[in-house]
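What follows is a single structure, written as structure tokens, with notes after it.
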Amino acid sequence: MPIDDRPTIAAPDDDPYLWLEEIEGARALEFVERQNRLTVEKFAGASFAADRDTLAAIFDRPDNIPYVGRRGGLLYNLWKDAQNPRGLWRRTTLDEFRKPDPNWEILLDVDRLAADEGQDWLLNWTQLRAGNDRRAILSLSRGGSDAVTLREFDMDAKRFVADGFVLPEAKGGVDWVDDDTLLLSSAYGEGMATTSGYSRTVRLWRRDEAVERAPVVFEVPADHMSASSQVDDSGPVPRTWFVDRLDFFNLNAWLGDETGAKTKLDLPTSIWLLAYQDWFVVKLREPWTTGGRTYAPDTVLGVSLSAFLAGSRDFTVVFEPEPRRALQGFFWTAGRLVLSILDELRPVFEICTPSANGWTRERLHGLPEIGVVDVWRLDGHISESNGDLLANVQDPLTPSSLMLIEPIGAPTVLKQAPRTFNADGLVVTQHEAISVDGERIPYVQTGPAIETGDAPVHLTAYGGFGLAMKPYYNPALGKLWLERGGTIVEANIRGGGEFGTRWHDAGRYAGKRLAHDDFAAVAADLVKRGVTRPERIAAEGGSNGGILITNMLVRYPERFGTLFCTIPLIDMRRYTRLLAGASWIAEYGDPDKPEEWAWLQTYSAYHMARPGQKYPPILIATTRRDDRVHPGHARKMTAKLQAMGYEAYLYEPAAGGHGYGKDNKERAAFMALGLGFLREKIGWVDGSP
């Protein structure tokens, strides 16, 4: 009897598993439940339960850092632990937060709310006005989905406003105009969603007005990614920014007020833009010639906004890139622009201050120049910022320190995360592999100082959307992999943003296949250096990394012992038709265009998988409430692989959104199951050789 290998490159639309795209379809759910049962029965034994409980206890520790943001002089935090798995929304003062055991004022018990209303509620985000205002808009997510229900909350009374703003479930957000008016960017309502599932309009929504009657003040074509707005009160007169996001990397920006957009800014579309009072900065993705000068990609330019609107193109160059020195982000705080830079993967922060006499520049001192350092503004509203910054400092063997950087002082430690695994005898080293085209691919290796040539290696990467991979302290991998004698490796493959736009673009569109070659080159380099053997390498990747892991399965199976693929994108023929997929065309390409399908098919593992190969065992895990990357990708790939006789497993919990679970216990179970699977399939059970 012939093996069914559909769909194939030759017949990409002959897909026998389309029924698995019906997220709540009876036949699809029967398939999922059967797969879950098989996976759990095989891999969720006593060692799994012990690992799950160990991780849950780490995630629930009372001495974990409560990360905060400041609004109206108060610090807000959403805290989760074993007693409060969905979380407590709470607040305190900075003076109180400095204490070892701060006193918190509880605003909302999300677990009690979920129980009272019989809903799978999680608190997704909150929108507060500047100042110590009593009203907020809270977004409630069912099971971790991106789509949210909006409700107005009275923070003094600590309850929802009886006749306040309420919006049914949809993707989107809001901003306050005044006490009784919101600017609503939501996909809720007839004709209000783009093909990507995001808001197509901005509506001016007044209190006691049905949302269906709220006038549209800004709209974009349905084939654009989204429409959004932001009220900017950093200057003496409030203004409103409107953004027509054409795709993931391109936008048109407009200035106006709550009644709509008035002035379109004459700028390239492929920019980052940020304004403060009468200053604004742009980061370029492409060369731009203006004012008689040509600026290179990744250059950051600053100028007076009023002068620019009057026709001036007299920009100041705020940042210039170098081949391996790239901007990662920027933000304003109290009139100063903070630049986050990676210089040969080392963290650097510069502060630029504009004035009528020009821009000044200084280095942000007192922070480590190795490891991972993240810096952000303490105040959520820029108009309230006094210049206070928060910094998070860590490396693969050193847990996080949360530091406060006040404008006139050196960094001081506010909170220190606990050590959650034994790091004795472990070292962190940096290396480079040579990819198929000769490019140097950096990677960070953490493990025993003495190498045996047989190390159990956990290898991961992302390689997409210009996002840099950083070697954070990972309690789960530390406890379940490093502490048992294993080695972990993080690869900085192309498609990320480690070295700027050129690095991203090299791994974008047709170059995505080259990014996968980078990952395979790192695996080969680990063997060449005598760290391990191919059958001892366990690779993991999620989301965009799901394309990566399934390409290792079908293109480089001989370099890996096993694979763990999470919340994955896999089917590149139909991805634009599934949930938010259309919003990623700027990263991958459009499969409906023959010239772009020509490259997409070279890394659509769903179509490339064929029978009779020596594929390593693979576990593919997703969540049913992921409304960003459709769970159908994971379901269909599993079904096809199993039909061809391969060892493939599916795990799909009911909740979790585009993540690993809605609470710490679910996250712990997801990770413990995956890491236990990887250990077993490389012959490394319970730390034995």
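Every chain in the structure tokens has a letter given in the order shown (A, B, ...), and although residue numbers restart at 1 in each chain, ligands are simply numbered from 1 in the order shown.
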
DSSP on the backbone, then: every residue of region 175-382 of chain A marked alpha helix (DSSP H), written as a VMD selection string.
chain A and resid 305 to 309

Export of prior selection with N, CA, C and O atoms as a CSV table (one decimal), in the first residue's frame:
chain,number,residue,atom,x,y,z
A,305,LEU,N,10.7,68.7,15.6
A,305,LEU,CA,9.5,68.3,14.9
A,305,LEU,C,8.9,69.5,14.2
A,305,LEU,O,8.5,69.4,13.1
A,306,SER,N,8.8,70.6,14.9
A,306,SER,CA,8.2,71.8,14.3
A,306,SER,C,9.0,72.3,13.1
A,306,SER,O,8.5,72.7,12.1
A,307,ALA,N,10.4,72.2,13.2
A,307,ALA,CA,11.2,72.6,12.1
A,307,ALA,C,11.0,71.6,10.9
A,307,ALA,O,10.9,72.0,9.7
A,308,PHE,N,10.9,70.3,11.2
A,308,PHE,CA,10.7,69.3,10.1
A,308,PHE,C,9.3,69.6,9.4
A,308,PHE,O,9.2,69.6,8.2
A,309,LEU,N,8.3,69.9,10.2
A,309,LEU,CA,7.0,70.1,9.6
A,309,LEU,C,7.0,71.4,8.8
A,309,LEU,O,6.2,71.6,7.8

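Look at region 293-299 of chain A: the protein and nucleic acid residues within 9 Å of it, using only C-alpha atoms and passing over chain neighbours fewer than 3 places away, are A:Val282, A:Lys283, A:Leu284, A:Arg285, A:Glu286, A:Pro287, A:Trp288, A:Thr289, A:Thr290, A:Val317, A:Val318, A:Phe319, A:Glu320, A:Pro321, A:Ala326, A:Leu327, A:Gly500, A:Thr501, A:Arg502.
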
Given the selection you just returned, output its residues as a file containing C-alpha atoms, formatted as a short mmCIF file (atom, residue, chain, number, x, y, z; two decimals), in the first residue's frame.
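Saved the output as again-v2.cif:
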data_model
loop_
_atom_site.label_atom_id
_atom_site.label_comp_id
_atom_site.auth_asym_id
_atom_site.auth_seq_id
_atom_site.Cartn_x
_atom_site.Cartn_y
_atom_site.Cartn_z
CA VAL A 282 13.78 58.04 13.16
CA LYS A 283 15.78 54.86 12.58
CA LEU A 284 16.13 53.89 8.94
CA ARG A 285 15.90 50.40 7.45
CA GLU A 286 16.86 51.52 3.95
CA PRO A 287 19.11 54.24 2.47
CA TRP A 288 17.43 57.66 2.45
CA THR A 289 18.46 60.75 0.55
CA THR A 290 17.08 64.00 1.92
CA VAL A 317 23.02 61.91 13.13
CA VAL A 318 22.32 60.41 16.55
CA PHE A 319 23.64 56.91 15.82
CA GLU A 320 25.74 55.40 13.04
CA PRO A 321 25.90 51.62 12.63
CA ALA A 326 23.67 47.68 15.81
CA LEU A 327 20.87 49.54 17.53
CA GLY A 500 21.25 45.22 12.33
CA THR A 501 19.19 45.29 9.17
CA ARG A 502 21.75 43.48 7.03
#

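Nearest-residue note for Arg624 (chain A): choosing from A:Glu22, A:Asp5, A:Asp111, A:Asp208, the minimum distance belongs to A:Glu22, counting only C-alpha atoms.
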
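All residues of protein, DNA or RNA that reach within 6 Å of region 640-652 of chain A, judged by only C-alpha atoms and not counting those fewer than 5 positions away in the chain, are Ile3, Gln35, Asn36, Pro611, Pro617, Ile618, Leu619, Ile620, Ala621, Thr622 and Thr623 of chain A.
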
10 Å contact set for region 557-561 of chain A, only C-alpha atoms, chain neighbours under 2 positions out, as JSON, numbers by chain:
{"A": [456, 457, 459, 520, 521, 522, 523, 524, 527, 533, 534, 535, 536, 537, 538, 539, 550, 551, 552, 553, 554, 555, 563, 613, 614, 615, 616, 617, 618, 678, 679, 681, 682, 683]}

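Note that the spacing between CA of Arg574 (chain A) and CA of Glu219 (chain A) amounts to 27.1 Å.
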
Selection near region 234-241 of chain A, 10 Å with only C-alpha atoms, sequence-local residues under 3 positions removed, as a ChimeraX atom specification
/A:177,183,228-231,253-264,275-279,334-335,381-385

What does the file look like for those residues with N, CA and C atoms, as a PDB file, in the first residue's frame?
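So selection.pdb came out as:
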ATOM      1  N   VAL A 177      -8.441  59.805  25.875  1.00  0.00           N
ATOM      2  CA  VAL A 177      -8.404  61.202  25.435  1.00  0.00           C
ATOM      3  C   VAL A 177      -8.694  62.106  26.622  1.00  0.00           C
ATOM      4  N   LEU A 183      -9.868  56.650  22.441  1.00  0.00           N
ATOM      5  CA  LEU A 183      -9.563  56.319  21.055  1.00  0.00           C
ATOM      6  C   LEU A 183      -9.418  54.811  20.992  1.00  0.00           C
ATOM      7  N   SER A 228      -3.682  52.241  14.247  1.00  0.00           N
ATOM      8  CA  SER A 228      -3.571  52.481  15.684  1.00  0.00           C
ATOM      9  C   SER A 228      -3.383  53.968  15.936  1.00  0.00           C
ATOM     10  N   SER A 229      -3.484  54.342  17.206  1.00  0.00           N
ATOM     11  CA  SER A 229      -3.300  55.742  17.585  1.00  0.00           C
ATOM     12  C   SER A 229      -2.697  55.811  18.972  1.00  0.00           C
ATOM     13  N   GLN A 230      -2.111  56.969  19.282  1.00  0.00           N
ATOM     14  CA  GLN A 230      -1.540  57.196  20.611  1.00  0.00           C
ATOM     15  C   GLN A 230      -1.656  58.671  20.954  1.00  0.00           C
ATOM     16  N   VAL A 231      -2.203  58.934  22.131  1.00  0.00           N
ATOM     17  CA  VAL A 231      -2.286  60.306  22.620  1.00  0.00           C
ATOM     18  C   VAL A 231      -0.940  60.670  23.234  1.00  0.00           C
ATOM     19  N   ALA A 253       3.040  57.524   9.165  1.00  0.00           N
ATOM     20  CA  ALA A 253       2.718  58.192  10.422  1.00  0.00           C
ATOM     21  C   ALA A 253       2.029  59.519  10.143  1.00  0.00           C
ATOM     22  N   TRP A 254       1.007  59.811  10.923  1.00  0.00           N
ATOM     23  CA  TRP A 254       0.225  61.037  10.799  1.00  0.00           C
ATOM     24  C   TRP A 254       0.154  61.725  12.157  1.00  0.00           C
ATOM     25  N   LEU A 255       0.078  63.041  12.132  1.00  0.00           N
ATOM     26  CA  LEU A 255      -0.201  63.838  13.321  1.00  0.00           C
ATOM     27  C   LEU A 255      -1.607  64.407  13.232  1.00  0.00           C
ATOM     28  N   GLY A 256      -2.254  64.515  14.398  1.00  0.00           N
ATOM     29  CA  GLY A 256      -3.586  65.090  14.409  1.00  0.00           C
ATOM     30  C   GLY A 256      -4.065  65.294  15.821  1.00  0.00           C
ATOM     31  N   ASP A 257      -5.365  65.177  16.006  1.00  0.00           N
ATOM     32  CA  ASP A 257      -5.961  65.235  17.339  1.00  0.00           C
ATOM     33  C   ASP A 257      -7.034  64.165  17.398  1.00  0.00           C
ATOM     34  N   GLU A 258      -7.847  64.199  18.444  1.00  0.00           N
ATOM     35  CA  GLU A 258      -8.813  63.117  18.606  1.00  0.00           C
ATOM     36  C   GLU A 258      -9.855  63.051  17.490  1.00  0.00           C
ATOM     37  N   THR A 259      -9.954  64.113  16.694  1.00  0.00           N
ATOM     38  CA  THR A 259     -10.927  64.109  15.597  1.00  0.00           C
ATOM     39  C   THR A 259     -10.376  63.477  14.332  1.00  0.00           C
ATOM     40  N   GLY A 260      -9.074  63.166  14.321  1.00  0.00           N
ATOM     41  CA  GLY A 260      -8.530  62.493  13.154  1.00  0.00           C
ATOM     42  C   GLY A 260      -7.152  62.980  12.763  1.00  0.00           C
ATOM     43  N   ALA A 261      -6.584  62.321  11.765  1.00  0.00           N
ATOM     44  CA  ALA A 261      -5.253  62.656  11.262  1.00  0.00           C
ATOM     45  C   ALA A 261      -5.308  63.926  10.433  1.00  0.00           C
ATOM     46  N   LYS A 262      -4.305  64.781  10.607  1.00  0.00           N
ATOM     47  CA  LYS A 262      -4.261  66.054   9.895  1.00  0.00           C
ATOM     48  C   LYS A 262      -3.060  66.150   8.956  1.00  0.00           C
ATOM     49  N   THR A 263      -1.893  65.691   9.418  1.00  0.00           N
ATOM     50  CA  THR A 263      -0.661  65.887   8.658  1.00  0.00           C
ATOM     51  C   THR A 263       0.098  64.577   8.556  1.00  0.00           C
ATOM     52  N   LYS A 264       0.343  64.139   7.329  1.00  0.00           N
ATOM     53  CA  LYS A 264       1.158  62.950   7.112  1.00  0.00           C
ATOM     54  C   LYS A 264       2.624  63.359   7.080  1.00  0.00           C
ATOM     55  N   ALA A 275       8.682  60.311  19.192  1.00  0.00           N
ATOM     56  CA  ALA A 275       8.676  61.756  19.425  1.00  0.00           C
ATOM     57  C   ALA A 275       8.590  62.065  20.910  1.00  0.00           C
ATOM     58  N   TYR A 276       9.119  63.253  21.255  1.00  0.00           N
ATOM     59  CA  TYR A 276       9.015  63.762  22.621  1.00  0.00           C
ATOM     60  C   TYR A 276       9.032  65.286  22.541  1.00  0.00           C
ATOM     61  N   GLN A 277       7.982  65.925  23.073  1.00  0.00           N
ATOM     62  CA  GLN A 277       7.855  67.377  22.997  1.00  0.00           C
ATOM     63  C   GLN A 277       8.097  67.841  21.556  1.00  0.00           C
ATOM     64  N   ASP A 278       9.108  68.694  21.321  1.00  0.00           N
ATOM     65  CA  ASP A 278       9.334  69.176  19.957  1.00  0.00           C
ATOM     66  C   ASP A 278      10.484  68.448  19.270  1.00  0.00           C
ATOM     67  N   TRP A 279      10.777  67.234  19.711  1.00  0.00           N
ATOM     68  CA  TRP A 279      11.858  66.463  19.100  1.00  0.00           C
ATOM     69  C   TRP A 279      11.339  65.113  18.634  1.00  0.00           C
ATOM     70  N   ALA A 334      12.396  61.938  30.172  1.00  0.00           N
ATOM     71  CA  ALA A 334      12.717  63.267  30.722  1.00  0.00           C
ATOM     72  C   ALA A 334      13.621  64.066  29.792  1.00  0.00           C
ATOM     73  N   GLY A 335      13.288  64.082  28.517  1.00  0.00           N
ATOM     74  CA  GLY A 335      14.031  64.899  27.554  1.00  0.00           C
ATOM     75  C   GLY A 335      15.308  64.276  27.041  1.00  0.00           C
ATOM     76  N   HIS A 381       4.105  56.460  31.445  1.00  0.00           N
ATOM     77  CA  HIS A 381       3.779  57.650  30.654  1.00  0.00           C
ATOM     78  C   HIS A 381       5.003  58.553  30.587  1.00  0.00           C
ATOM     79  N   ILE A 382       5.414  58.879  29.393  1.00  0.00           N
ATOM     80  CA  ILE A 382       6.614  59.689  29.217  1.00  0.00           C
ATOM     81  C   ILE A 382       6.455  61.065  29.846  1.00  0.00           C
ATOM     82  N   SER A 383       5.227  61.580  29.889  1.00  0.00           N
ATOM     83  CA  SER A 383       5.006  62.910  30.459  1.00  0.00           C
ATOM     84  C   SER A 383       5.270  62.932  31.953  1.00  0.00           C
ATOM     85  N   GLU A 384       5.258  61.767  32.615  1.00  0.00           N
ATOM     86  CA  GLU A 384       5.488  61.690  34.055  1.00  0.00           C
ATOM     87  C   GLU A 384       6.936  61.370  34.399  1.00  0.00           C
ATOM     88  N   SER A 385       7.753  61.083  33.402  1.00  0.00           N
ATOM     89  CA  SER A 385       9.089  60.577  33.690  1.00  0.00           C
ATOM     90  C   SER A 385      10.000  61.651  34.258  1.00  0.00           C
TER      91      SER A 385
END

Could you write out, as number ranges by chain, all the residues of region 31-149 of chain A that DSSP marks as strand (DSSP E)?
A: 69-71, 74-79, 88-92, 105-109, 121-128, 135-142, 148-149

Sorted by chain and rising residue number, list the residues of region 486-577 of chain A at most 6 Å from region 582-600 of chain A (counting only C-alpha atoms), each with its closest atom pair and distance in Å to one decimal, as JSON lines.
{"residue": "A:Arg508", "atom": "CA", "partner": "A:Glu587", "partner_atom": "CA", "distance": 5.6}
{"residue": "A:Tyr509", "atom": "CA", "partner": "A:Tyr588", "partner_atom": "CA", "distance": 4.4}
{"residue": "A:Ala510", "atom": "CA", "partner": "A:Trp599", "partner_atom": "CA", "distance": 5.2}
{"residue": "A:Arg573", "atom": "CA", "partner": "A:Pro591", "partner_atom": "CA", "distance": 5.6}
{"residue": "A:Thr576", "atom": "CA", "partner": "A:Ala582", "partner_atom": "CA", "distance": 4.2}

Could you list, as a VMD selection string, every residue within 10 Å of region 514-517 of chain A, counting only C-alpha atoms and ignoring same-chain residues fewer than 4 positions away?
chain A and resid 434 to 437 441 461 to 464 492 to 496 503 to 504 506 to 510 521 to 523 545 547 to 552 555 to 556 603

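Close contacts of Leu364 (chain A), defined as residues with an atom at most 9 Å away when counting only C-alpha atoms, with chain neighbours fewer than 2 positions off set aside, comprise Val338, Val348, Phe349, Glu350, Ile351, Glu362, Gly366 and Leu367 of chain A.
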
What does the file look like for those residues with C-alpha atoms, as a PDB file, in the first residue's frame?
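What landed in result-v7.pdb:
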ATOM      1  CA  VAL A 338      18.364  56.325  25.525  1.00  0.00           C
ATOM      2  CA  VAL A 348      26.087  49.375  25.369  1.00  0.00           C
ATOM      3  CA  PHE A 349      23.764  52.227  26.355  1.00  0.00           C
ATOM      4  CA  GLU A 350      24.133  55.824  25.237  1.00  0.00           C
ATOM      5  CA  ILE A 351      22.136  58.875  26.300  1.00  0.00           C
ATOM      6  CA  GLU A 362      27.214  60.328  27.059  1.00  0.00           C
ATOM      7  CA  GLY A 366      27.826  51.450  35.999  1.00  0.00           C
ATOM      8  CA  LEU A 367      26.361  48.522  34.050  1.00  0.00           C
TER       9      LEU A 367
END

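Comparing A:Lys171, A:Ser139, A:Trp272, A:Ala449 by their smallest distance to Val427 (chain A), the closest is A:Ala449 (using only C-alpha atoms).
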
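Among the candidates A:His658, A:Arg363, A:Lys470, A:Lys80, the one nearest to Val393 (chain A) when counting only C-alpha atoms is A:Lys470.
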